[in-house]
Every structure is written in structure tokens, then in C-alpha cells.
Amino acid sequence: MAEESAVKVCVRVRPLIPREDSAASENAEPVHYFWKYDAKSIYQSDDGNSSKSFSFDRVFTPEETTNQLYQAIAKPLVVSSVQGYNGTIFAYGQTSSGKTFTMMGSDRFPGVLPMAVEDVFQTIKSCPKKEFLLRVSYMEIYNETVSDLLVDSWKRKPLEVRETINKTIYVADLTEELVTSHAQVLAWIRKGEKNRHYGKTKMNERSSRSHTIFRMILENRERSDPASGENADGAIIVSHLNLVDLAGSERASQTGAEGTRFKEGCNINRSLFTLGQVIKRLTDEGQK
């Protein structure tokens with residue numbers, strides 16, 4: 001988010017979930033943590049002594065809410081996207097670590113995605129001298145196949161990822177719906193979530209079995225002022241805001257995955273490894 005780096009990495013520490021809490025109670029032993037953290041680092045510990053440390057741009061505690069996380073790291077990107085800059089926010093981590101909860105939230109506690117959508121429209125209201133055109137798309141990558149979450153299942157087909165002569169990557173035939181309100185966008189998100197692949201594993205009752213990318217395409221230009229006779233130059237600025245919920249990395253020995261679930265897990269891990277290499281490359285480029 002800061003100007004000095006193209007990539008920022010933050011960690012959210014979640015509390016124990018019921019499955020973990022009940023396991024600890026059944027063993028009648030206190031839970032032992034082999035790590036500790038502060039505002040920007042996590043320390044791996046062994047017998048009370050720190051052996052390794054990992055630095056991040058920010059570490060959020062279990063007591064901090066999704067709204068606090070959003071205000072600190074996501075909102076600046078959302079606002080800048082309305083101003084014409086591209087931005088991407090994604091959740092990465094082990095299965096059952098709370099990625100989808102952070103990104104999507106619940107009826108009571110909205111996640112990053114619905115809060116971002118609301119702020120896009122609120123920010124647009126503060127730009128009366130500009131006019132905007134907004135479109136949204138929602139895609140899923142399941143077992144290395146890209147599909148459109150905004151079309152009905154009986155119409156859905158594998159989509160191809162292509163490259164233009166200008167080296168721009170795009171997904172052919174992906175639906176882009178024109179939207180004019182916060183409620184309209186949320187309705188498309190709900191439709192997409194119904195079409196998404198979920199499954200049950202030992203570590204997660206409702207495990208995301210695919211990666212999803214929700215994209216808002218924002219076009220803006222200066223308004224002409226009939227009262228003063230000033231005409232805008234007509235230049236259109238296009239920006240993209242990508243909100244990504246990645247499937248969790250997993251080990252078959254822990255999830256109990258077999259058959260289809262095992263295949264899904266292998267494809268998830270393979271694609272996450274590739275993503276890791278891309279991010280490493282971006283980080284290395286930013287440090288040169």
C-alpha cells in the first residue's frame with residue numbers, strides 16, 4: 001500500500017475455532033503455542049526461546065476486527081482505484097485459516113469484499129466533477145480450469161486465458177455486468193458464491209476448493225460544465241480493483257483428502273506454488 005513497495009504482506013492471527021478448542025478440552029491439557037507475535041513480526045519459539053523470526057508489513061491480532069483490518073490495509077487501495085490506479089487484495093493461507101471469512105464475512109460482520117464495494121460508491125459520490133462507468137466480473141479457477149461465476153451452471157463452460165499483442169492477459173468470453181449501485185454489486189456476488197465449488201474436509205466443514213477473482217472495472221472521465229461552457233477533453237481512465245479469495249494450501253494427511261478432494265488439493269497446492277514464485281519475482285524487482 002505504501003509508495004515504496006508494490007507488494008505488501010500482512011498476517012491476521014485468528015483465535016481457536018470450535019474444533020480446535022474442543023480437541024484441547026478433550027485432552028485436558030492447556031494449548032501450547034510455539035510462536036508469538038508483535039505488530040510487525042512473528043517469532044517461532046522452542047522451549048520459550050525464539051529460533052526464527054518472520055517480518056511483515058503488519059500483524060493483526062485475534063482481537064482486531066475485519067473492519068479494523070480493512071481500514072488499515074484495504075481501504076487505501078480501494079480509494080486509489082477510484083482515482084484511476086489498479087489494485088489487488090487477496091487472502092492467502094492454510095485451509096481453515098479464515099481467508100473466506102476475512103474476504104466475504106457474514107451478515108453480521110461484513111468482509112473486505114462487501115466493504116470495498118460500499119467504499120467504491122461512497123468515494124465516487126465525493127468526485128462530483130467526474131462521471132463513472134462500473135462493470136464487475138467474477139471468475140473461478142477450479143482444478144486449473146477457469147469458469148464464469150456470473151452465468152447459470154447449465155450455460156457454464158471452460159474459459160480460455162489469452163494474451164493480446166500488447167502482452168495484456170485477459171479471459172475470453174468472461175461476463176462483465178454493468179452496475180450502478182452497491183446493492184446491485186452485492187447481488188452479483190451472492191450469485192457467484194452460489195456457483196462456487198465448496199467441499200468438506202477434516203480441517204474445514206466448508207472448504208473453498210477453488211480460487212476466485214472478483215473484479216471491478218472502473219472507467220472515469222471529467223464532466224463537461226455546461227454552465228461555464230467548459231468541455232472535458234474526453235480522456236477515459238480505466239482502472240481495475242481485484243479482490244481474490246484463494247483456496248487454502250493443505251496436506252492430505254491432515255485433511256483426509258481422497259479421490260476428488262485429493263485431486264483438488266494437488267491442483268490447489270500447485271497453483272499456490274506458482275503464485276508464490278510470481279510474488280517473489282515482483283518483490284525482487286521492487287528491491288532492485
# chains A, B, ... in the order shown; residues from 1 in each chain; ligands from 1
call {"tool": "select_by_dssp", "arguments": {"residues": "region 47-144 of chain A", "states": "helix (DSSP H, G or I)", "output": "ChimeraX atom specification"}}
result
/A:66-82,99-104,112-125
call {"tool": "write_last_selection", "arguments": {"atoms": "C-alpha atoms", "output": "short mmCIF file (atom, residue, chain, number, x, y, z; two decimals), in the first residue's frame"}}
result
data_model
loop_
_atom_site.label_atom_id
_atom_site.label_comp_id
_atom_site.auth_asym_id
_atom_site.auth_seq_id
_atom_site.Cartn_x
_atom_site.Cartn_y
_atom_site.Cartn_z
CA THR A 66 -12.19 -7.35 9.94
CA ASN A 67 -13.25 -3.70 9.79
CA GLN A 68 -10.01 -2.63 11.50
CA LEU A 69 -8.01 -4.74 9.06
CA TYR A 70 -9.93 -3.28 6.13
CA GLN A 71 -9.45 0.32 7.23
CA ALA A 72 -5.71 -0.19 7.74
CA ILE A 73 -4.67 -2.06 4.59
CA ALA A 74 -7.52 -2.37 2.08
CA LYS A 75 -9.34 0.96 2.03
CA PRO A 76 -6.34 2.95 0.68
CA LEU A 77 -6.24 0.61 -2.34
CA VAL A 78 -9.98 0.91 -2.86
CA VAL A 79 -9.84 4.71 -2.83
CA SER A 80 -6.86 4.78 -5.20
CA SER A 81 -8.72 2.50 -7.64
CA VAL A 82 -11.45 5.14 -7.95
CA LYS A 99 -9.47 -16.43 4.38
CA THR A 100 -13.06 -16.58 3.11
CA PHE A 101 -14.37 -15.16 6.40
CA THR A 102 -11.98 -12.23 6.05
CA MET A 103 -12.82 -11.61 2.39
CA MET A 104 -16.58 -12.34 2.41
CA VAL A 112 -13.27 -6.98 2.90
CA LEU A 113 -15.13 -7.50 -0.39
CA PRO A 114 -18.54 -6.02 0.58
CA MET A 115 -16.84 -3.17 2.46
CA ALA A 116 -14.71 -2.41 -0.60
CA VAL A 117 -17.78 -2.31 -2.83
CA GLU A 118 -19.53 0.11 -0.49
CA ASP A 119 -16.47 2.38 -0.34
CA VAL A 120 -16.14 2.45 -4.13
CA PHE A 121 -19.59 4.01 -4.40
CA GLN A 122 -19.02 6.31 -1.41
CA THR A 123 -15.76 7.56 -2.94
CA ILE A 124 -17.46 8.13 -6.30
CA LYS A 125 -20.01 10.38 -4.54
#
call {"tool": "residues_around", "arguments": {"residues": "region 210-224 of chain A", "least_positions_apart": "4", "cutoff": "6 Å", "atoms": "only C-alpha atoms", "output": "list in words"}}
result
Lys129, Lys130, Glu131, Phe132, Leu133, Leu134, Arg135, Val136, Ser137, Tyr138, Met139, Glu140, Ile141, Tyr142, Glu230, Asn231, Ala232, Ile236, Ile237, Val238, Ser239, His240, Leu241, Asn242, Leu243, Val244, Asp245, Leu246 and Ala247 of chain A
call {"tool": "residues_around", "arguments": {"residues": "region 161-173 of chain A", "least_positions_apart": "5", "cutoff": "10 Å", "atoms": "only C-alpha atoms", "output": "PyMOL selection string"}}
result
chain A and resi 139+145-148
call {"tool": "write_last_selection", "arguments": {"atoms": "N, CA and C atoms", "output": "mmCIF file, in the first residue's frame"}}
result
data_model
loop_
_atom_site.group_PDB
_atom_site.id
_atom_site.type_symbol
_atom_site.label_atom_id
_atom_site.label_comp_id
_atom_site.auth_asym_id
_atom_site.auth_seq_id
_atom_site.Cartn_x
_atom_site.Cartn_y
_atom_site.Cartn_z
ATOM 1 N N MET A 139 -14.821 -14.673 -11.525
ATOM 2 C CA MET A 139 -14.368 -15.932 -12.119
ATOM 3 C C MET A 139 -13.840 -16.886 -11.056
ATOM 4 N N THR A 145 -9.041 -25.016 -14.250
ATOM 5 C CA THR A 145 -9.985 -24.610 -15.291
ATOM 6 C C THR A 145 -10.677 -23.322 -14.858
ATOM 7 N N VAL A 146 -10.717 -22.336 -15.754
ATOM 8 C CA VAL A 146 -11.341 -21.047 -15.457
ATOM 9 C C VAL A 146 -12.801 -21.078 -15.893
ATOM 10 N N SER A 147 -13.700 -20.619 -15.021
ATOM 11 C CA SER A 147 -15.117 -20.561 -15.383
ATOM 12 C C SER A 147 -15.739 -19.275 -14.852
ATOM 13 N N ASP A 148 -16.882 -18.928 -15.411
ATOM 14 C CA ASP A 148 -17.582 -17.681 -15.102
ATOM 15 C C ASP A 148 -18.630 -17.940 -14.024
#
call {"tool": "select_by_dssp", "arguments": {"residues": "region 30-176 of chain A", "states": "strand (DSSP E or B)", "output": "number ranges by chain"}}
result
A: 35-37, 41-46, 49-55, 58-60, 87-91, 94, 105, 110, 130-142, 145-148, 159, 161-163, 169-171
call {"tool": "atom_distance", "arguments": {"atom1": "CA of Asn143 (chain A)", "atom2": "CA of Thr88 (chain A)"}}
result
22.4 Å
call {"tool": "closest_residue", "arguments": {"among": "A:Tyr43, A:Phe56, A:Trp188, A:Trp35", "to": "Asp152 (chain A)", "atoms": "only C-alpha atoms"}}
result
A:Trp188
call {"tool": "decode", "arguments": {"residues": "region 73-198 of chain A", "atoms": "C-alpha atoms", "output": "JSON list (two decimals), in the first residue's frame"}}
result
[["chain", "number", "residue", "atom", "x", "y", "z"],
["A", 73, "ILE", "CA", -4.67, -2.06, 4.59],
["A", 74, "ALA", "CA", -7.52, -2.37, 2.08],
["A", 75, "LYS", "CA", -9.34, 0.96, 2.03],
["A", 76, "PRO", "CA", -6.34, 2.95, 0.68],
["A", 77, "LEU", "CA", -6.24, 0.61, -2.34],
["A", 78, "VAL", "CA", -9.98, 0.91, -2.86],
["A", 79, "VAL", "CA", -9.84, 4.71, -2.83],
["A", 80, "SER", "CA", -6.86, 4.78, -5.20],
["A", 81, "SER", "CA", -8.72, 2.50, -7.64],
["A", 82, "VAL", "CA", -11.45, 5.14, -7.95],
["A", 83, "GLN", "CA", -8.69, 7.65, -8.65],
["A", 84, "GLY", "CA", -7.51, 5.55, -11.60],
["A", 85, "TYR", "CA", -4.93, 3.16, -10.15],
["A", 86, "ASN", "CA", -5.01, -0.65, -10.35],
["A", 87, "GLY", "CA", -5.06, -2.61, -7.10],
["A", 88, "THR", "CA", -5.29, -6.21, -5.92],
["A", 89, "ILE", "CA", -6.18, -7.55, -2.48],
["A", 90, "PHE", "CA", -6.02, -11.27, -1.84],
["A", 91, "ALA", "CA", -6.20, -13.68, 1.06],
["A", 92, "TYR", "CA", -3.61, -16.48, 1.18],
["A", 93, "GLY", "CA", -3.04, -19.16, 3.81],
["A", 94, "GLN", "CA", -3.59, -22.70, 5.01],
["A", 95, "THR", "CA", -7.01, -24.27, 4.70],
["A", 96, "SER", "CA", -9.33, -23.31, 7.58],
["A", 97, "SER", "CA", -7.28, -20.22, 8.46],
["A", 98, "GLY", "CA", -10.13, -17.75, 7.89],
["A", 99, "LYS", "CA", -9.47, -16.43, 4.38],
["A", 100, "THR", "CA", -13.06, -16.58, 3.11],
["A", 101, "PHE", "CA", -14.37, -15.16, 6.40],
["A", 102, "THR", "CA", -11.98, -12.23, 6.05],
["A", 103, "MET", "CA", -12.82, -11.61, 2.39],
["A", 104, "MET", "CA", -16.58, -12.34, 2.41],
["A", 105, "GLY", "CA", -17.57, -12.03, 6.07],
["A", 106, "SER", "CA", -21.09, -12.77, 7.28],
["A", 107, "ASP", "CA", -24.44, -10.98, 7.54],
["A", 108, "ARG", "CA", -23.37, -9.58, 10.90],
["A", 109, "PHE", "CA", -19.70, -8.94, 10.15],
["A", 110, "PRO", "CA", -19.08, -7.83, 6.54],
["A", 111, "GLY", "CA", -15.81, -8.89, 4.94],
["A", 112, "VAL", "CA", -13.27, -6.98, 2.90],
["A", 113, "LEU", "CA", -15.13, -7.50, -0.39],
["A", 114, "PRO", "CA", -18.54, -6.02, 0.58],
["A", 115, "MET", "CA", -16.84, -3.17, 2.46],
["A", 116, "ALA", "CA", -14.71, -2.41, -0.60],
["A", 117, "VAL", "CA", -17.78, -2.31, -2.83],
["A", 118, "GLU", "CA", -19.53, 0.11, -0.49],
["A", 119, "ASP", "CA", -16.47, 2.38, -0.34],
["A", 120, "VAL", "CA", -16.14, 2.45, -4.13],
["A", 121, "PHE", "CA", -19.59, 4.01, -4.40],
["A", 122, "GLN", "CA", -19.02, 6.31, -1.41],
["A", 123, "THR", "CA", -15.76, 7.56, -2.94],
["A", 124, "ILE", "CA", -17.46, 8.13, -6.30],
["A", 125, "LYS", "CA", -20.01, 10.38, -4.54],
["A", 126, "SER", "CA", -17.12, 12.58, -3.40],
["A", 127, "CYS", "CA", -16.00, 13.12, -7.02],
["A", 128, "PRO", "CA", -18.83, 15.27, -8.49],
["A", 129, "LYS", "CA", -16.63, 16.60, -11.30],
["A", 130, "LYS", "CA", -16.17, 13.11, -12.74],
["A", 131, "GLU", "CA", -18.54, 10.61, -14.29],
["A", 132, "PHE", "CA", -18.06, 6.87, -13.82],
["A", 133, "LEU", "CA", -18.98, 3.64, -15.56],
["A", 134, "LEU", "CA", -18.63, 0.45, -13.49],
["A", 135, "ARG", "CA", -18.60, -3.18, -14.52],
["A", 136, "VAL", "CA", -17.99, -6.35, -12.49],
["A", 137, "SER", "CA", -16.83, -9.88, -13.28],
["A", 138, "TYR", "CA", -16.44, -12.94, -11.06],
["A", 139, "MET", "CA", -14.37, -15.93, -12.12],
["A", 140, "GLU", "CA", -13.35, -19.22, -10.54],
["A", 141, "ILE", "CA", -10.23, -21.31, -11.09],
["A", 142, "TYR", "CA", -11.12, -24.90, -10.20],
["A", 143, "ASN", "CA", -8.76, -27.80, -10.99],
["A", 144, "GLU", "CA", -6.84, -25.42, -13.28],
["A", 145, "THR", "CA", -9.99, -24.61, -15.29],
["A", 146, "VAL", "CA", -11.34, -21.05, -15.46],
["A", 147, "SER", "CA", -15.12, -20.56, -15.38],
["A", 148, "ASP", "CA", -17.58, -17.68, -15.10],
["A", 149, "LEU", "CA", -19.44, -17.50, -11.78],
["A", 150, "LEU", "CA", -21.97, -14.96, -13.06],
["A", 151, "VAL", "CA", -23.63, -17.29, -15.56],
["A", 152, "ASP", "CA", -26.05, -20.11, -14.77],
["A", 153, "SER", "CA", -24.47, -23.54, -14.32],
["A", 154, "TRP", "CA", -26.12, -25.00, -17.43],
["A", 155, "LYS", "CA", -24.53, -22.26, -19.55],
["A", 156, "ARG", "CA", -21.09, -22.50, -17.96],
["A", 157, "LYS", "CA", -18.12, -23.65, -20.00],
["A", 158, "PRO", "CA", -14.32, -23.60, -19.57],
["A", 159, "LEU", "CA", -12.86, -20.22, -20.48],
["A", 160, "GLU", "CA", -9.54, -19.56, -22.18],
["A", 161, "VAL", "CA", -6.85, -17.22, -20.86],
["A", 162, "ARG", "CA", -5.42, -15.24, -23.78],
["A", 163, "GLU", "CA", -2.83, -12.58, -24.46],
["A", 164, "THR", "CA", -3.16, -9.51, -26.70],
["A", 165, "ILE", "CA", -0.43, -8.21, -29.00],
["A", 166, "ASN", "CA", 0.29, -5.66, -26.25],
["A", 167, "LYS", "CA", 1.02, -8.50, -23.79],
["A", 168, "THR", "CA", -2.19, -7.86, -21.85],
["A", 169, "ILE", "CA", -3.67, -11.00, -20.28],
["A", 170, "TYR", "CA", -7.44, -11.46, -20.38],
["A", 171, "VAL", "CA", -10.08, -14.20, -20.02],
["A", 172, "ALA", "CA", -12.04, -14.65, -23.25],
["A", 173, "ASP", "CA", -15.86, -14.52, -23.01],
["A", 174, "LEU", "CA", -15.87, -13.61, -19.31],
["A", 175, "THR", "CA", -19.10, -11.81, -18.39],
["A", 176, "GLU", "CA", -18.81, -8.16, -17.35],
["A", 177, "GLU", "CA", -22.02, -6.83, -15.84],
["A", 178, "LEU", "CA", -22.77, -3.10, -15.80],
["A", 179, "VAL", "CA", -23.60, -1.93, -12.24],
["A", 180, "THR", "CA", -24.90, 1.32, -10.81],
["A", 181, "SER", "CA", -25.34, 0.63, -7.09],
["A", 182, "HIS", "CA", -23.83, -1.10, -4.08],
["A", 183, "ALA", "CA", -26.86, -3.41, -3.76],
["A", 184, "GLN", "CA", -26.61, -4.45, -7.40],
["A", 185, "VAL", "CA", -22.97, -5.48, -6.97],
["A", 186, "LEU", "CA", -23.75, -7.49, -3.83],
["A", 187, "ALA", "CA", -26.50, -9.33, -5.72],
["A", 188, "TRP", "CA", -23.96, -10.44, -8.35],
["A", 189, "ILE", "CA", -21.55, -11.51, -5.61],
["A", 190, "ARG", "CA", -24.26, -13.66, -3.99],
["A", 191, "LYS", "CA", -25.00, -15.30, -7.32],
["A", 192, "GLY", "CA", -21.31, -16.03, -7.82],
["A", 193, "GLU", "CA", -20.95, -17.53, -4.35],
["A", 194, "LYS", "CA", -23.82, -19.94, -5.05],
["A", 195, "ASN", "CA", -21.95, -21.21, -8.11],
["A", 196, "ARG", "CA", -18.59, -21.61, -6.37],
["A", 197, "HIS", "CA", -17.06, -25.02, -5.52],
["A", 198, "TYR", "CA", -17.03, -25.87, -1.81]]
